[in-house]
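Trainee: File name query.pdb; file contents PDB, C-alpha atoms and all ligand atoms; full text below.
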```pdb
ATOM      1  CA  MET A 687      30.369 -17.472  27.348
ATOM      2  CA  PRO A 688      29.815 -14.565  24.923
ATOM      3  CA  ASP A 689      28.109 -11.399  26.198
ATOM      4  CA  ILE A 690      24.357 -11.368  26.711
ATOM      5  CA  LEU A 691      22.654  -9.551  23.828
ATOM      6  CA  ILE A 692      18.988  -8.586  23.661
ATOM      7  CA  ALA A 693      17.224  -8.712  20.295
ATOM      8  CA  PRO A 694      13.686  -7.283  20.287
ATOM      9  CA  SER A 695      11.508  -8.990  17.649
ATOM     10  CA  ILE A 696       9.509  -6.509  15.608
ATOM     11  CA  LEU A 697       6.891  -9.224  15.102
ATOM     12  CA  ALA A 698       5.269  -7.774  18.228
ATOM     13  CA  ALA A 699       5.745  -4.100  17.275
ATOM     14  CA  ASP A 700       3.061  -1.778  15.913
ATOM     15  CA  PHE A 701       3.291  -2.575  12.178
ATOM     16  CA  ALA A 702       1.894   0.826  11.239
ATOM     17  CA  ARG A 703       4.772   2.563  13.077
ATOM     18  CA  PHE A 704       7.821   0.418  12.310
ATOM     19  CA  GLY A 705      10.202   3.366  12.006
ATOM     20  CA  ASP A 706       9.212   4.780  15.410
ATOM     21  CA  GLU A 707       9.224   1.345  17.031
ATOM     22  CA  VAL A 708      12.663   0.400  15.715
ATOM     23  CA  ARG A 709      14.181   3.743  16.761
ATOM     24  CA  ALA A 710      12.569   3.381  20.190
ATOM     25  CA  VAL A 711      14.042  -0.065  20.927
ATOM     26  CA  ASP A 712      17.397   1.021  19.482
ATOM     27  CA  GLN A 713      17.488   3.930  21.948
ATOM     28  CA  ALA A 714      16.158   1.690  24.742
ATOM     29  CA  GLY A 715      19.257  -0.526  24.579
ATOM     30  CA  ALA A 716      18.501  -3.240  22.026
ATOM     31  CA  ASP A 717      21.703  -4.924  20.821
ATOM     32  CA  TRP A 718      20.203  -6.459  17.668
ATOM     33  CA  ILE A 719      16.847  -6.110  15.913
ATOM     34  CA  HIS A 720      15.195  -9.466  15.120
ATOM     35  CA  ILE A 721      13.045  -9.704  11.976
ATOM     36  CA  ASP A 722      10.773 -12.746  11.551
ATOM     37  CA  VAL A 723      10.154 -13.669   7.921
ATOM     38  CA  MET A 724       7.257 -16.128   7.472
ATOM     39  CA  ASP A 725       5.881 -17.539   4.238
ATOM     40  CA  GLY A 726       2.549 -19.218   5.063
ATOM     41  CA  HIS A 727       4.130 -22.501   3.903
ATOM     42  CA  PHE A 728       6.986 -23.474   6.230
ATOM     43  CA  VAL A 729       4.966 -21.849   9.025
ATOM     44  CA  PRO A 730       1.239 -21.052   9.152
ATOM     45  CA  ASN A 731       1.643 -17.276   9.092
ATOM     46  CA  ILE A 732       2.831 -14.601   6.639
ATOM     47  CA  THR A 733       4.886 -11.575   7.637
ATOM     48  CA  PHE A 734       7.655  -9.605   5.920
ATOM     49  CA  GLY A 735       9.790  -9.670   2.797
ATOM     50  CA  PRO A 736      13.102  -8.010   1.907
ATOM     51  CA  GLU A 737      11.503  -4.590   1.422
ATOM     52  CA  VAL A 738      10.530  -4.481   5.077
ATOM     53  CA  VAL A 739      14.149  -5.259   5.989
ATOM     54  CA  ARG A 740      15.230  -2.397   3.727
ATOM     55  CA  ALA A 741      12.743  -0.044   5.401
ATOM     56  CA  VAL A 742      13.832  -1.042   8.933
ATOM     57  CA  ARG A 743      17.496  -0.585   7.918
ATOM     58  CA  ARG A 744      16.891   3.138   7.467
ATOM     59  CA  HIS A 745      15.951   3.533  11.147
ATOM     60  CA  THR A 746      18.799   1.829  12.991
ATOM     61  CA  SER A 747      22.478   1.026  12.716
ATOM     62  CA  LYS A 748      22.129  -1.964  15.071
ATOM     63  CA  PRO A 749      22.629  -5.423  13.509
ATOM     64  CA  LEU A 750      19.527  -6.772  11.768
ATOM     65  CA  ASP A 751      19.077 -10.466  12.560
ATOM     66  CA  VAL A 752      16.796 -11.945   9.912
ATOM     67  CA  HIS A 753      15.092 -15.210  10.894
ATOM     68  CA  LEU A 754      13.849 -16.916   7.743
ATOM     69  CA  MET A 755      10.898 -19.234   8.335
ATOM     70  CA  ILE A 756      10.511 -19.873   4.618
ATOM     71  CA  MET A 757      10.873 -22.926   2.401
ATOM     72  CA  PRO A 758      12.811 -22.836   0.161
ATOM     73  CA  ALA A 759      15.132 -20.154   1.550
ATOM     74  CA  ASP A 760      17.975 -20.237  -0.987
ATOM     75  CA  PRO A 761      16.253 -18.245  -3.760
ATOM     76  CA  TYR A 762      15.778 -15.302  -1.367
ATOM     77  CA  LEU A 763      19.120 -15.125   0.465
ATOM     78  CA  GLU A 764      20.661 -12.559  -1.862
ATOM     79  CA  ALA A 765      17.598 -10.308  -1.670
ATOM     80  CA  PHE A 766      17.649 -10.250   2.138
ATOM     81  CA  ALA A 767      21.408  -9.640   2.175
ATOM     82  CA  GLU A 768      21.112  -6.810  -0.329
ATOM     83  CA  ALA A 769      18.222  -5.291   1.661
ATOM     84  CA  GLY A 770      20.471  -4.813   4.692
ATOM     85  CA  ALA A 771      20.424  -7.968   6.827
ATOM     86  CA  ASP A 772      23.566  -8.463   8.943
ATOM     87  CA  ALA A 773      22.760 -12.049   9.907
ATOM     88  CA  ILE A 774      20.477 -14.513   8.155
ATOM     89  CA  SER A 775      19.223 -17.727   9.766
ATOM     90  CA  VAL A 776      17.728 -20.570   7.769
ATOM     91  CA  HIS A 777      15.844 -23.458   9.322
ATOM     92  CA  VAL A 778      17.477 -26.887   9.504
ATOM     93  CA  GLU A 779      14.078 -28.334   8.545
ATOM     94  CA  ALA A 780      13.454 -26.060   5.555
ATOM     95  CA  GLY A 781      15.582 -27.703   2.896
ATOM     96  CA  PRO A 782      17.907 -30.559   1.996
ATOM     97  CA  HIS A 783      21.023 -28.389   1.541
ATOM     98  CA  LEU A 784      21.643 -26.584   4.831
ATOM     99  CA  HIS A 785      25.405 -26.504   4.262
ATOM    100  CA  ARG A 786      24.945 -24.846   0.881
ATOM    101  CA  SER A 787      22.573 -22.236   2.354
ATOM    102  CA  LEU A 788      25.081 -21.364   5.091
ATOM    103  CA  GLN A 789      27.919 -21.130   2.569
ATOM    104  CA  THR A 790      25.819 -18.820   0.403
ATOM    105  CA  ILE A 791      25.044 -16.522   3.338
ATOM    106  CA  ARG A 792      28.738 -16.234   4.215
ATOM    107  CA  LYS A 793      29.649 -15.640   0.571
ATOM    108  CA  LEU A 794      27.188 -12.750   0.644
ATOM    109  CA  GLY A 795      29.266 -11.317   3.504
ATOM    110  CA  LYS A 796      26.659 -11.948   6.201
ATOM    111  CA  ARG A 797      26.640 -13.907   9.447
ATOM    112  CA  ALA A 798      25.176 -17.350   8.853
ATOM    113  CA  GLY A 799      22.673 -18.909  11.226
ATOM    114  CA  ALA A 800      20.995 -22.298  11.534
ATOM    115  CA  ALA A 801      17.610 -22.323  13.266
ATOM    116  CA  ILE A 802      16.227 -25.490  14.857
ATOM    117  CA  ASN A 803      12.638 -26.318  15.813
ATOM    118  CA  PRO A 804      11.645 -27.738  19.203
ATOM    119  CA  ALA A 805      11.130 -31.289  17.853
ATOM    120  CA  THR A 806      14.326 -31.426  15.784
ATOM    121  CA  PRO A 807      17.269 -33.345  17.283
ATOM    122  CA  ILE A 808      20.588 -31.508  17.721
ATOM    123  CA  GLU A 809      22.333 -34.148  15.572
ATOM    124  CA  HIS A 810      21.220 -32.079  12.565
ATOM    125  CA  LEU A 811      23.790 -29.470  13.620
ATOM    126  CA  VAL A 812      26.797 -31.740  14.094
ATOM    127  CA  ASN A 813      28.212 -31.377  10.582
ATOM    128  CA  ILE A 814      27.735 -27.620  10.120
ATOM    129  CA  LEU A 815      29.405 -26.293  13.288
ATOM    130  CA  ASP A 816      32.281 -24.714  11.325
ATOM    131  CA  ASP A 817      29.828 -23.059   8.973
ATOM    132  CA  VAL A 818      27.663 -21.080  11.403
ATOM    133  CA  ASP A 819      28.052 -17.823  13.287
ATOM    134  CA  GLU A 820      24.855 -18.386  15.254
ATOM    135  CA  ILE A 821      22.514 -21.226  16.137
ATOM    136  CA  LEU A 822      18.922 -20.152  16.761
ATOM    137  CA  VAL A 823      17.078 -22.446  19.136
ATOM    138  CA  MET A 824      13.303 -22.187  18.872
ATOM    139  CA  THR A 825      11.731 -22.297  22.321
ATOM    140  CA  VAL A 826       8.224 -22.109  20.820
ATOM    141  CA  ASN A 827       6.921 -23.638  17.615
ATOM    142  CA  PRO A 828       7.696 -21.091  14.898
ATOM    143  CA  GLY A 829       4.962 -19.008  13.335
ATOM    144  CA  PHE A 830       3.571 -16.756  16.028
ATOM    145  CA  GLY A 831       4.651 -14.420  18.792
ATOM    146  CA  GLY A 832       3.228 -14.482  22.292
ATOM    147  CA  GLN A 833       3.478 -18.245  22.899
ATOM    148  CA  SER A 834       4.658 -19.924  26.105
ATOM    149  CA  PHE A 835       8.302 -20.934  26.498
ATOM    150  CA  ILE A 836       8.833 -24.690  26.004
ATOM    151  CA  GLN A 837      10.864 -25.726  29.052
ATOM    152  CA  SER A 838      12.012 -29.007  27.479
ATOM    153  CA  GLN A 839      14.323 -27.008  25.197
ATOM    154  CA  LEU A 840      16.625 -25.995  28.073
ATOM    155  CA  PRO A 841      18.691 -29.215  28.107
ATOM    156  CA  LYS A 842      18.959 -28.932  24.326
ATOM    157  CA  ILE A 843      20.455 -25.440  24.637
ATOM    158  CA  ALA A 844      23.028 -26.794  27.080
ATOM    159  CA  GLN A 845      23.862 -29.690  24.748
ATOM    160  CA  ILE A 846      24.383 -27.289  21.849
ATOM    161  CA  ARG A 847      26.652 -25.044  23.969
ATOM    162  CA  ALA A 848      28.694 -28.119  24.924
ATOM    163  CA  MET A 849      28.864 -29.171  21.277
ATOM    164  CA  LEU A 850      30.230 -25.709  20.412
ATOM    165  CA  ALA A 851      33.067 -25.834  22.974
ATOM    166  CA  GLY A 852      36.049 -23.872  21.653
ATOM    167  CA  ARG A 853      33.984 -22.020  19.050
ATOM    168  CA  THR A 854      32.686 -18.452  19.274
ATOM    169  CA  VAL A 855      29.179 -19.116  17.996
ATOM    170  CA  ASP A 856      26.177 -17.208  19.349
ATOM    171  CA  ILE A 857      23.245 -19.245  20.645
ATOM    172  CA  VAL A 858      20.078 -17.279  19.962
ATOM    173  CA  ILE A 859      17.020 -18.202  22.035
ATOM    174  CA  ASP A 860      13.771 -17.412  20.289
ATOM    175  CA  GLY A 861      10.267 -17.682  21.674
ATOM    176  CA  GLY A 862       8.647 -16.956  25.020
ATOM    177  CA  VAL A 863      11.660 -15.106  26.404
ATOM    178  CA  THR A 864      10.655 -12.941  29.384
ATOM    179  CA  PRO A 865      12.426 -11.769  32.570
ATOM    180  CA  GLU A 866      11.084 -15.020  34.112
ATOM    181  CA  THR A 867      12.574 -17.368  31.480
ATOM    182  CA  ALA A 868      15.720 -15.398  30.546
ATOM    183  CA  GLY A 869      17.779 -16.662  33.497
ATOM    184  CA  ALA A 870      17.301 -20.318  32.583
ATOM    185  CA  CYS A 871      18.163 -19.542  28.940
ATOM    186  CA  ALA A 872      21.431 -17.881  29.935
ATOM    187  CA  ALA A 873      22.301 -20.552  32.502
ATOM    188  CA  ALA A 874      21.885 -23.184  29.776
ATOM    189  CA  GLY A 875      24.265 -21.307  27.470
ATOM    190  CA  GLY A 876      22.052 -19.028  25.389
ATOM    191  CA  ASN A 877      23.575 -15.584  24.902
ATOM    192  CA  VAL A 878      21.287 -13.773  22.457
ATOM    193  CA  LEU A 879      17.757 -13.424  23.766
ATOM    194  CA  VAL A 880      15.025 -12.607  21.268
ATOM    195  CA  ALA A 881      11.980 -11.004  22.834
ATOM    196  CA  GLY A 882       8.859  -9.851  21.042
ATOM    197  CA  SER A 883       5.869  -9.624  23.371
ATOM    198  CA  ALA A 884       8.042  -9.131  26.453
ATOM    199  CA  VAL A 885       9.443  -5.915  24.945
ATOM    200  CA  PHE A 886       6.640  -4.537  22.758
ATOM    201  CA  GLY A 887       3.709  -5.776  24.884
ATOM    202  CA  GLY A 888       1.862  -3.511  27.332
ATOM    203  CA  GLY A 889       3.286  -2.073  30.546
ATOM    204  CA  THR A 890       6.350   0.012  31.283
ATOM    205  CA  GLY A 891       8.803   1.508  28.759
ATOM    206  CA  TYR A 892      11.012  -0.444  26.388
ATOM    207  CA  ALA A 893      14.236   0.425  28.257
ATOM    208  CA  ASP A 894      12.895  -1.077  31.492
ATOM    209  CA  LYS A 895      11.734  -4.231  29.731
ATOM    210  CA  ILE A 896      15.011  -4.762  27.901
ATOM    211  CA  ALA A 897      16.932  -4.125  31.133
ATOM    212  CA  ALA A 898      14.771  -6.604  33.055
ATOM    213  CA  ILE A 899      15.519  -9.381  30.552
ATOM    214  CA  ARG A 900      19.227  -8.493  30.429
ATOM    215  CA  ASN A 901      19.558  -8.338  34.232
ATOM    216  CA  ALA A 902      17.836 -11.702  34.707
ATOM    217  CA  ALA A 903      20.147 -13.289  32.129
ATOM    218  CA  GLU A 904      23.343 -11.666  33.439
ATOM    219  CA  ALA A 905      22.512 -12.765  36.991
ATOM    220  CA  ALA A 906      22.106 -16.388  35.913
ATOM    221  CA  LYS A 907      24.933 -16.924  33.433
TER     222      LYS A 907
HETATM  223  O1  LIG B   1      10.430 -16.531  15.560
HETATM  224  C1  LIG B   1       9.484 -16.172  16.213
HETATM  225  C2  LIG B   1       8.167 -16.883  16.117
HETATM  226  O2  LIG B   1       8.248 -17.853  15.144
HETATM  227  C3  LIG B   1       9.581 -14.937  17.094
HETATM  228  O3  LIG B   1      10.877 -14.390  16.969
HETATM  229  C4  LIG B   1       9.283 -15.216  18.549
HETATM  230  O4  LIG B   1       8.122 -15.918  18.744
HETATM  231  C5  LIG B   1       9.294 -13.920  19.350
HETATM  232  O5  LIG B   1       8.071 -13.620  19.901
HETATM  233  P1  LIG B   1       7.749 -13.770  21.473
HETATM  234  O6  LIG B   1       8.901 -13.161  22.222
HETATM  235  O7  LIG B   1       6.462 -13.000  21.627
HETATM  236  O8  LIG B   1       7.617 -15.245  21.749
HETATM  237 FE    FE B   2      12.244 -15.346  15.373
END
```
Write out the structure in this file as structure tokens.
Mentor:
Amino acid sequence: MPDILIAPSILAADFARFGDEVRAVDQAGADWIHIDVMDGHFVPNITFGPEVVRAVRRHTSKPLDVHLMIMPADPYLEAFAEAGADAISVHVEAGPHLHRSLQTIRKLGKRAGAAINPATPIEHLVNILDDVDEILVMTVNPGFGGQSFIQSQLPKIAQIRAMLAGRTVDIVIDGGVTPETAGACAAAGGNVLVAGSAVFGGGTGYADKIAAIRNAAEAAK
């Protein structure tokens, strides 16, 4: 299995101090920075556009993993790529032309991701396996941070890892990832763990929180 990578989600950061927050998690050992883009249409919340990606880009050289929860996504792919995204994920449920979206992302020179909601069957991924660099499995319903991990997604993660046998595709687990749930995610085959509240929430420093998630995942994989 690929290495375990930890991707703090700035959805749970202090929005008035993005620069400081991004530099802090970068120095605390984050492997990627996860940016949740929501449109108030595909999901019932509104967050960031390409200019926020551009602003974050100035504060870190770590890969920026942009999770688009927008519908349609295609008209905005170039803007997010140009703003500094390294990877762009589009939702399987967000449009009729997933293959075209993935092709466009790769043509823009970025890593292409397909994100899948908790209720969506894995069959939607079968015909795009050669066209993705990452599959993002939602382990909460998209739209908000701080929700509880949906345990029923664990077998789905394992099925996707089995489906990917022989391919070097990252499986990104997004939603409710904590030191308590990280082990099960890694054991099922997830290798990139997105964590918002578990990193930026109260308590000890960011380095300790990132290490706790990483250690739990490494121990279980
Ligand atoms: O895509 C997302 C929500 O739609 C977020 O990335 C995710 O919820 C992270 O937040 P938390 O770790 O607090 O669950
Ligand atoms: Fe996300």
Trainee: Given the PyMOL selection byres (((not hetatm)) within 7 of (chain B and resi 1)) and the file above, list the residues it selects as a short mmCIF file (atom, residue, chain, number, x, y, z; two decimals) with C-alpha atoms, in the coordinates of the input.
Mentor:
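Okay, part-v8.cif is ready:
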```
data_model
loop_
_atom_site.label_atom_id
_atom_site.label_comp_id
_atom_site.auth_asym_id
_atom_site.auth_seq_id
_atom_site.Cartn_x
_atom_site.Cartn_y
_atom_site.Cartn_z
CA SER A 695 11.51 -8.99 17.65
CA LEU A 697 6.89 -9.22 15.10
CA ALA A 698 5.27 -7.77 18.23
CA HIS A 720 15.20 -9.47 15.12
CA ASP A 722 10.77 -12.75 11.55
CA HIS A 753 15.09 -15.21 10.89
CA VAL A 826 8.22 -22.11 20.82
CA ASN A 827 6.92 -23.64 17.61
CA PRO A 828 7.70 -21.09 14.90
CA GLY A 829 4.96 -19.01 13.34
CA PHE A 830 3.57 -16.76 16.03
CA GLY A 831 4.65 -14.42 18.79
CA GLY A 832 3.23 -14.48 22.29
CA GLN A 833 3.48 -18.24 22.90
CA ASP A 860 13.77 -17.41 20.29
CA GLY A 861 10.27 -17.68 21.67
CA GLY A 862 8.65 -16.96 25.02
CA VAL A 863 11.66 -15.11 26.40
CA VAL A 880 15.02 -12.61 21.27
CA ALA A 881 11.98 -11.00 22.83
CA GLY A 882 8.86 -9.85 21.04
CA SER A 883 5.87 -9.62 23.37
CA ALA A 884 8.04 -9.13 26.45
#
```
Trainee: From the set A:Asp700, A:Leu754, A:Trp718, A:Ile692, which residue has the shortest atom-to-atom contact distance to ligand FE 2 (chain B), counting all atoms listed in the file?
Mentor: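 Among the listed residues, the smallest separation from ligand FE 2 (chain B) belongs to A:Leu754.
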Trainee: Quick check on the file I pasted: which residues fall under the PyMOL selection byres (((chain A and resi 802-809) around 10) and not hetatm)? Write them as a list in words.
Mentor: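 For this structure, the PyMOL selection byres (((chain A and resi 802-809) around 10) and not hetatm) captures Ser775, Val776, His777, Val778, Glu779, Ala780, Gly799, Ala800, Ala801, His810, Leu811, Val812, Asn813, Ile821, Leu822, Val823, Met824, Thr825, Val826, Asn827, Pro828, Ile836, Ser838, Gln839, Lys842, Ile843, Gln845, Ile846 and Met849 of chain A.
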Trainee: Which residue is closest to ligand FE 2 (chain B)? Choose from A:Ala844, A:Val878, A:Leu691, A:Ala906 and count only C-alpha atoms and all ligand atoms.
Mentor: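 Closest to ligand FE 2 (chain B) of all the choices is A:Val878.
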Trainee: Given the file shown, determine the residues that the PyMOL selection byres (((chain A and resi 894) around 12) and not hetatm) selects; report them as a ChimeraX atom specification.
Mentor: /A:711,713-716,865,884-886,889-893,895-901
Trainee: So that I can check the surroundings of segment 853-857 of chain A, please list as a JSON list (two decimals) with C-alpha atoms, in the frame of the given file every protein, DNA and RNA residue that reaches within 6 Å of it, counting only C-alpha atoms and ignoring chain neighbours fewer than 2 positions away.
Mentor:
```
[["chain", "number", "residue", "atom", "x", "y", "z"],
["A", 819, "ASP", "CA", 28.05, -17.82, 13.29],
["A", 820, "GLU", "CA", 24.86, -18.39, 15.25],
["A", 821, "ILE", "CA", 22.51, -21.23, 16.14],
["A", 822, "LEU", "CA", 18.92, -20.15, 16.76],
["A", 850, "LEU", "CA", 30.23, -25.71, 20.41],
["A", 851, "ALA", "CA", 33.07, -25.83, 22.97],
["A", 876, "GLY", "CA", 22.05, -19.03, 25.39],
["A", 877, "ASN", "CA", 23.58, -15.58, 24.90]]
```
